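Student: Here it is, the structure in full.
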Amino acid sequence: MTRHLEGTVALVTGASSGIGHATALELARNGASVALVGRREDRLTDLAAKISEAGGRALVVPADITTPRAAAEAVERTVEGLGRLDTLVNNAGLMLLGPTPGADPNDWQRMVDINLMGLLHTTHAAVPHLVKGAADGPRQVADIINISSLNGRNAYAMMAVYTATKFGVTGFSEALRQELAKQHVRVSVVEPGSVDTELRSHNSEIVQQMLNAGLGDIERLQSEDIADAVAYIVTRPRHVAIAELLVRPTEQA
């Protein structure tokens, strides 16, 4: 494989499982040193060992990025431990679905805190380092990749607040893209359709049955499919920016 990202550093949130785990591996395969950010330190440690065994470099950064201080500390630990920052993948997320009437507002707050505010806190802390990385880095460009969802462009019943957070991510990404474009910091949003991850397992059995019934027996995306999309975005030449990438399973309506 051509190591397009040699000499660069990436930070991936939600790296302990699913899309974040796969994305960290893929960026490392492309030559990036990777900071692994998440709440489950044991899983991050296992992932770091896997990257190291393959000849890569990884830094374990246990953090709850829902607070500004923790997000800023995660970014600072990355820069201190790996020397710079060129790529930020905001992947950490939570999906708690069900009817809006009678819902637990605590579930709504948890989704807003991680899906939207965590992304904002981490981005806010990372932007100065990314601007610097674009100016003096080996590729002369830096990237922010925000993992949104099909729900970031289409609204569905039983998914109101989750959809609200993802619409927010998509809107924020486009506005920030316009602000940073002249500094060669590219901002991209990736919108996966149905992916076979543990995200659905955070819901009640009834909601999981509803999701399965809605999708039928289609072949769902794998985390590696989204990791491949992220790698495609960040390995484009300096003059090419992929602002938005929607990835669906072939059979998903």
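Chain labels run A, B, ... following the order of the structure tokens; each chain numbers its residues from 1, and ligands are numbered from 1 in the order shown.
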Hey, what's within 7 Å of range 143-146 of chain A if we count only C-alpha atoms and toss same-chain stuff fewer than 4 positions away? As a PyMOL selection string, please?
Tutor: chain A and resi 86-91+185-190+234
Student: As a count of residues only, list the residues of range 11-234 of chain A assigned to helix (DSSP H, G or I) by DSSP on the backbone atoms of this structure.
Tutor: 127
Student: Restricting the calculation to only C-alpha atoms: of A:Ala15, A:Val141, A:Ile65, A:Ala157, which residue gets closest to Ile233 in chain A?
Tutor: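 Ranked by minimum distance to Ile233 in chain A, first place goes to A:Val141.
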Student: At a cut-off of 12 Å, using only C-alpha atoms, what residues contact Phe172 in chain A? Leave out same-chain residues fewer than 2 positions from it and give the result as a PDB file with C-alpha atoms, in the first residue's frame.
Tutor:
ATOM      1  CA  LEU A 116     -22.906  17.265  18.824  1.00  0.00           C
ATOM      2  CA  MET A 117     -21.175  18.923  21.776  1.00  0.00           C
ATOM      3  CA  LEU A 119     -17.676  16.955  18.284  1.00  0.00           C
ATOM      4  CA  LEU A 120     -17.741  20.728  18.768  1.00  0.00           C
ATOM      5  CA  THR A 123     -12.971  20.466  16.864  1.00  0.00           C
ATOM      6  CA  HIS A 124     -12.595  23.750  18.739  1.00  0.00           C
ATOM      7  CA  ILE A 144     -11.564  17.295   9.703  1.00  0.00           C
ATOM      8  CA  ILE A 145     -13.892  14.369   8.975  1.00  0.00           C
ATOM      9  CA  ASN A 146     -17.194  14.384  10.843  1.00  0.00           C
ATOM     10  CA  ILE A 147     -19.111  11.112  10.897  1.00  0.00           C
ATOM     11  CA  SER A 148     -22.758  12.043  10.553  1.00  0.00           C
ATOM     12  CA  GLY A 152     -28.131  13.978   8.804  1.00  0.00           C
ATOM     13  CA  THR A 165     -27.963  15.962  16.338  1.00  0.00           C
ATOM     14  CA  LYS A 166     -26.911  14.628  12.950  1.00  0.00           C
ATOM     15  CA  PHE A 167     -28.535  17.509  11.063  1.00  0.00           C
ATOM     16  CA  GLY A 168     -26.502  19.735  13.379  1.00  0.00           C
ATOM     17  CA  VAL A 169     -23.283  17.916  12.508  1.00  0.00           C
ATOM     18  CA  THR A 170     -23.931  18.248   8.786  1.00  0.00           C
ATOM     19  CA  GLU A 174     -20.470  22.879   5.848  1.00  0.00           C
ATOM     20  CA  ALA A 175     -20.211  26.222   7.659  1.00  0.00           C
ATOM     21  CA  LEU A 176     -16.790  25.312   9.069  1.00  0.00           C
ATOM     22  CA  ARG A 177     -15.639  24.135   5.632  1.00  0.00           C
ATOM     23  CA  GLN A 178     -16.286  27.606   4.270  1.00  0.00           C
ATOM     24  CA  GLU A 179     -14.394  29.219   7.153  1.00  0.00           C
ATOM     25  CA  VAL A 187     -13.868  19.736   6.334  1.00  0.00           C
ATOM     26  CA  SER A 188     -15.804  16.690   5.227  1.00  0.00           C
ATOM     27  CA  VAL A 189     -18.939  14.967   6.449  1.00  0.00           C
ATOM     28  CA  ALA A 243     -17.217  18.019   1.294  1.00  0.00           C
TER      29      ALA A 243
END
Student: Kindly indicate which residue among A:Gly81, A:Ala72, A:Ala134, A:Ser17 lies nearest to Arg39 in chain A, using only C-alpha atoms for the distances.
Tutor: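 Of the candidates, the smallest distance to Arg39 in chain A is held by A:Ser17.
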Student: Name all residues at most 12 Å from Gly55 in chain A (count only C-alpha atoms; drop same-chain ones fewer than 2 positions away) and give them as a list of chain:residue names.
Tutor: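 Contacts, in chain order: A:Leu25, A:Ala28, A:Arg29, A:Asn30, A:Gly31, A:Ala32, A:Ser33, A:Ala48, A:Ala49, A:Lys50, A:Ile51, A:Ser52, A:Glu53, A:Arg57, A:Ala58.
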Student: Quick one: everything within 10 Å of Leu85 in chain A, counting only C-alpha atoms, minus sequence neighbours fewer than 6 positions away in the same chain. Send it as a ChimeraX atom specification.
Tutor: /A:8-11,33-35,75-76,78-79,126-134,137,142-143
Student: To one decimal place, how far is CA of Glu244 in chain A from CA of Ala24 in chain A in Å?
Tutor: 20.1 Å
Student: Point out the residue among A:Thr235, A:Thr163, A:Thr197, A:Thr100 with the least atom-to-atom distance to Ser16 in chain A, counting only C-alpha atoms.
Tutor: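 The shortest atom-to-atom distance to Ser16 in chain A comes from A:Thr197.
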Student: If we count only C-alpha atoms, what is near Leu97 in chain A at a cut-off of 8 Å, once residues fewer than 6 positions away on the same chain are taken out, given as a ChimeraX atom specification?
Tutor: /A:158-160,162,203,207
Student: Output the selection as a PDB file, in the first residue's frame - N, CA, C and O atoms for each residue.
Tutor:
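The result, stored in result.pdb:
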ATOM      1  N   MET A 158     -39.457   8.137  15.070  1.00  0.00           N
ATOM      2  CA  MET A 158     -38.814   7.362  16.131  1.00  0.00           C
ATOM      3  C   MET A 158     -37.336   7.698  16.283  1.00  0.00           C
ATOM      4  O   MET A 158     -36.639   7.099  17.089  1.00  0.00           O
ATOM      5  N   MET A 159     -36.842   8.670  15.502  1.00  0.00           N
ATOM      6  CA  MET A 159     -35.423   9.011  15.544  1.00  0.00           C
ATOM      7  C   MET A 159     -35.236  10.524  15.651  1.00  0.00           C
ATOM      8  O   MET A 159     -34.232  11.069  15.200  1.00  0.00           O
ATOM      9  N   ALA A 160     -36.170  11.214  16.283  1.00  0.00           N
ATOM     10  CA  ALA A 160     -36.220  12.676  16.189  1.00  0.00           C
ATOM     11  C   ALA A 160     -34.971  13.362  16.732  1.00  0.00           C
ATOM     12  O   ALA A 160     -34.366  14.202  16.055  1.00  0.00           O
ATOM     13  N   TYR A 162     -31.995  12.018  17.710  1.00  0.00           N
ATOM     14  CA  TYR A 162     -30.793  11.536  17.025  1.00  0.00           C
ATOM     15  C   TYR A 162     -30.638  12.258  15.694  1.00  0.00           C
ATOM     16  O   TYR A 162     -29.549  12.726  15.336  1.00  0.00           O
ATOM     17  N   ASN A 203     -30.064   0.270  22.264  1.00  0.00           N
ATOM     18  CA  ASN A 203     -31.505   0.482  22.310  1.00  0.00           C
ATOM     19  C   ASN A 203     -32.229  -0.712  22.924  1.00  0.00           C
ATOM     20  O   ASN A 203     -31.664  -1.791  23.075  1.00  0.00           O
ATOM     21  N   VAL A 207     -37.031  -1.637  20.059  1.00  0.00           N
ATOM     22  CA  VAL A 207     -36.489  -0.735  19.040  1.00  0.00           C
ATOM     23  C   VAL A 207     -35.580  -1.496  18.087  1.00  0.00           C
ATOM     24  O   VAL A 207     -35.618  -1.284  16.864  1.00  0.00           O
TER      25      VAL A 207
END
Student: Could you tell me how far CA of Tyr156 in chain A lies from CA of Gly38 in chain A, in Å and to one decimal?
Tutor: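 According to the coordinates, CA of Tyr156 in chain A and CA of Gly38 in chain A are separated by 28.5 Å.
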Student: Would you mind telling me which residue in A:His4, A:Arg220, A:Arg40, A:Arg153 lies nearest to Glu251 in chain A when using only C-alpha atoms?
Tutor: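 Distance minimum relative to Glu251 in chain A lands on A:Arg220.
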Student: Where in range 46-89 of chain A does DSSP assign strand (DSSP E or B), given as a VMD selection string?
Tutor: chain A and resid 58 to 62 87 to 89
Student: Find the residues around Arg248 in chain A up to 10 Å (only C-alpha atoms counted), leave out those fewer than 3 positions away in its own chain, and share them as number ranges by chain.
Tutor: A: 149-150, 191-195, 220-221, 225-226, 245, 251-253
Student: Between CA of Arg84 in chain A and CA of Ser223 in chain A, measure the distance and give it in Å to one decimal.
Tutor: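 That distance, rounded to one decimal, is 26.6 Å.
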Student: Rank A:Val240, A:Met111, A:Ala164, A:Val247 by their smallest atom-to-atom distance to Asp228 in chain A, using only C-alpha atoms, and report the top residue only.
Tutor: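 The shortest atom-to-atom distance to Asp228 in chain A comes from A:Val247.
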